[in-house]
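Asks: Pasting a structure here, questions to come.
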Amino acid sequence: MTTLIVNIKQLCGVRKETKLLRGKELAELPCIENAFLLIENGIIAAFGKMDKLSKSELCCKNKIDAAQQFILPAWCDSHTHLVFAANRDDEFVDKIKGLSYAEIAAKGGGILNSANKLNATSEEQLFELAWKRLEEVAQMGTGAIEIKSGYGLSVEGELKMLRVIKKLKEKSNLTIKATFLGAHTYPLAFKENHQGYIDLIINEMLTVIAKEKLADYVDVFCENGFFSPDETEIICNAAKKFGLKTKLHANQLSLSGGVEIGVKLNAISVDHLEKMDEKTIALLSNSNTIGTLLPTAAFFLQMPFQPARKLIDAGCAIALASDFNPGSSPSGNMNLVIAMSCIAMKMLPEEAINAATINGAFAMELEKELGSISVGKKANLIFTKPISNLSLLPYSFGNNLIDKVMLNGEFISH
């Protein structure tokens with residue numbers, strides 16, 4: 001099917017060349033005013049200024065008038081924990097009272113709380129809950145998403161999560177990547193036997209994951225009180241033998257060594273980065289590893305925001321993601337992520353949009369399919385409501401300025 005979109009006020013994120021953006025490049029968002037966009041069978045076939053349209057193209061039967069609307073690539077959310085059994089709103093008041101992430105975990109909350117609830121929930125129930133969340137984030141403009149396991153913390157629980165993610169991949173119009181995060185924390189039974197749990201991950205979880213092709217990546221929570229850099233390296237090297245590339249939780253609560261081990265392992269991304277110093281920033285800037293920032297997690301946990309300006313000015317490649325999870329970022333709204341990045345981390349709107357589209361695509365190795373308005377890529381698009389300027393997206397942080405969302409060339413229903 002052929003679809004022609006005409007009279008687009010501004011077509012944003014148009015690129016002939018797909019490259020990972022760093023430094024000053026991140027502020028460059030190529031746009032075309034008074035534009036058209038031609039879609040064939042869900043794929044972007046052509047675009048340009050309206051006066052370049054041929055008469056034959058104008059005769060397209062399936063025509064959409066986008067007057068006064070901005071169109072940009074759908075969000076690429078490269079870090080989420082979207083599959084979970086229940087909210088953790090019971091811990092919300094503890095956070096308000098000032099308890100830290102570590103203190104809540106020590107009293108039985110946190111990741112172990114989610115693990116207990118998940119292991120008591122059936123695969124079918126988990127799928128239904130996750131499907132509803134997936135539909136919700138799609139309506140808010142997300143067209144590609146990475147989903148992690150990590151709330152099972154047992155062979156059965158982790159495999160159950162990954163099988164749910166596989167089913168979501170098969171049935172959803174979103175492009176989905178799966179990440180194995182069995183090394184999210186140590187289960188109580190292995191609190192004093194770290195090697196025992198690492199052996200369980202390597203010998204019992206990874207073998208089945210590889211056999212059933214349940215994951216694209218491995219992730220480890222490399223943090224004081226969780227997995228050390230040495231333990232992280234052991235797990236990631238083992239996963240590499242099963243074909244899984246590395247993504248890491250790094251430097252969320254401390255200068256944990258996560259960035260260093262991530263760069264050493266040539267990780268696709270190191271995510272969080274609330275705690276960074278000049279040494280780790282310089283190390284990241286001289287690597288091929290993407291720094292993924294999760295501002296809504298810092299906001300919800302009442303922590304200092306990631307030093308986005310220092311990272312960008314140092315030449316680091318950064319992406320933005322939601323960290324959608326029940327404990328530290330109970331929102332998959334990438335529009336809020338964009339706004340918070342501008343308001344709290346002093347990112348320019350263009351920088352934030354690029355970090356959440358093309359660089360987010362790179363953080364999931366989807367840059368050849370998604371993340372920009374480019375010929376040959378999927379027509380995953382956000383149509384704004386009539387607005388005067390793109391900066392209104394972060395400026396109007398409390399309003400929904402999305403009119404419609406298109407995935408694979410078709411509008412999704414509300």
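Quick note on naming: the chains in the structure tokens go A, B, ... in the order shown, residues restart at 1 in each chain, and ligands are numbered from 1 in order of appearance.
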As JSON, numbers by chain, please: the residues near A:Leu301 (cut-off 10 Å, only C-alpha atoms, same-chain neighbours under 2 positions excluded).

Replies: {"A": [92, 95, 96, 98, 99, 100, 101, 295, 296, 297, 298, 299, 303, 304, 327, 328, 329]}

Asks: I'd like the contact shell of stretch 125-133 of chain A - 12 Å cut-off, only C-alpha atoms, skipping same-chain residues fewer than 3 positions apart - returned as number ranges by chain.

Replies: A: 80-87, 117-122, 136-140, 142, 145, 147-149, 151-152, 157, 160-174, 324-326, 330-333, 414

Asks: List as a short mmCIF file (atom, residue, chain, number, x, y, z; two decimals) with N, CA and C atoms, in the first residue's frame the protein and nucleic acid residues near A:Thr18, meaning an atom at most 8 Å away when only C-alpha atoms are counted, but skip any in the same chain fewer than 5 places from it.

Replies:
```cif
data_model
loop_
_atom_site.label_atom_id
_atom_site.label_comp_id
_atom_site.auth_asym_id
_atom_site.auth_seq_id
_atom_site.Cartn_x
_atom_site.Cartn_y
_atom_site.Cartn_z
N ILE A 358 17.60 8.66 16.99
CA ILE A 358 18.69 7.99 16.26
C ILE A 358 19.70 7.35 17.21
N GLU A 367 19.74 1.05 14.10
CA GLU A 367 19.95 2.29 13.35
C GLU A 367 19.71 2.15 11.85
N LYS A 368 19.76 0.93 11.33
CA LYS A 368 19.50 0.73 9.90
C LYS A 368 18.00 0.65 9.59
N SER A 372 15.32 7.68 12.37
CA SER A 372 15.40 8.89 11.55
C SER A 372 14.43 8.77 10.38
#
```

Asks: Rank A:Leu248, A:Ala74, A:Glu365, A:Thr2 by their smallest atom-to-atom distance to A:Cys59, using only C-alpha atoms, and report the top residue only.

Replies: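 Between A:Leu248, A:Ala74, A:Glu365, A:Thr2, the residue approaching A:Cys59 most closely is A:Thr2.
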
Asks: Go through A:Ile268, A:Leu336, A:Ala144, A:Leu348 and flag the residue nearest A:His249, using only C-alpha atoms for the distances.

Replies: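 Looking only at the distances to A:His249, the closest residue turns out to be A:Ile268.
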
Asks: Measuring atom to atom with only C-alpha atoms, identify which of A:Thr179, A:Ser374, A:Gln68, A:Ser256 is nearest to A:Leu214.

Replies: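 Counting only C-alpha atoms, the residue closest to A:Leu214 is A:Thr179.
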
Asks: At a cut-off of 12 Å, using only C-alpha atoms, what residues contact A:Glu28? Leave out same-chain residues fewer than 5 positions from it and give the result as a ChimeraX atom specification.

Replies: /A:12-15,21-23,348-355,358

Asks: So which residues of stretch 185-275 of chain A fall under strand (DSSP E or B) by DSSP, listed as a VMD selection string?

Replies: chain A and resid 217 to 222 227 245 to 250 269 to 272

Asks: For the residues in the current selection, export N, CA and C atoms as a compact mmCIF listing (two decimals), in the first residue's frame.

Replies:
```
# COMPACT_ATOMS: atom_id res chain seq x y z
N TYR A 217 20.68 -9.43 24.26
CA TYR A 217 21.76 -8.85 25.06
C TYR A 217 21.79 -9.47 26.45
N VAL A 218 22.92 -9.26 27.14
CA VAL A 218 23.03 -9.55 28.56
C VAL A 218 23.26 -8.22 29.27
N ASP A 219 22.74 -8.11 30.47
CA ASP A 219 22.93 -6.92 31.28
C ASP A 219 23.27 -7.37 32.70
N VAL A 220 24.05 -6.53 33.41
CA VAL A 220 24.42 -6.80 34.80
C VAL A 220 24.32 -5.49 35.57
N PHE A 221 23.77 -5.55 36.78
CA PHE A 221 23.73 -4.38 37.64
C PHE A 221 25.07 -4.30 38.36
N CYS A 222 25.99 -3.57 37.74
CA CYS A 222 27.35 -3.44 38.29
C CYS A 222 27.34 -2.28 39.29
N PHE A 227 26.61 -6.44 41.93
CA PHE A 227 27.63 -7.24 41.25
C PHE A 227 28.88 -6.39 41.05
N LYS A 245 25.43 -9.84 23.33
CA LYS A 245 26.26 -8.65 23.49
C LYS A 245 25.93 -7.97 24.82
N THR A 246 26.83 -7.09 25.26
CA THR A 246 26.74 -6.53 26.61
C THR A 246 26.09 -5.15 26.64
N LYS A 247 25.17 -4.97 27.61
CA LYS A 247 24.65 -3.68 28.04
C LYS A 247 24.73 -3.71 29.56
N LEU A 248 25.11 -2.60 30.20
CA LEU A 248 25.30 -2.62 31.65
C LEU A 248 24.54 -1.51 32.37
N HIS A 249 24.04 -1.84 33.58
CA HIS A 249 23.66 -0.83 34.56
C HIS A 249 24.97 -0.36 35.20
N ALA A 250 25.28 0.90 35.09
CA ALA A 250 26.59 1.37 35.56
C ALA A 250 26.49 2.73 36.25
N SER A 269 26.07 -0.30 25.42
CA SER A 269 25.77 0.88 26.22
C SER A 269 26.04 0.63 27.69
N VAL A 270 26.32 1.71 28.40
CA VAL A 270 26.35 1.71 29.86
C VAL A 270 25.27 2.69 30.28
N ASP A 271 24.37 2.25 31.14
CA ASP A 271 23.14 2.98 31.41
C ASP A 271 23.03 3.45 32.87
N HIS A 272 22.46 4.61 33.05
CA HIS A 272 22.25 5.33 34.31
C HIS A 272 23.21 6.51 34.38
```
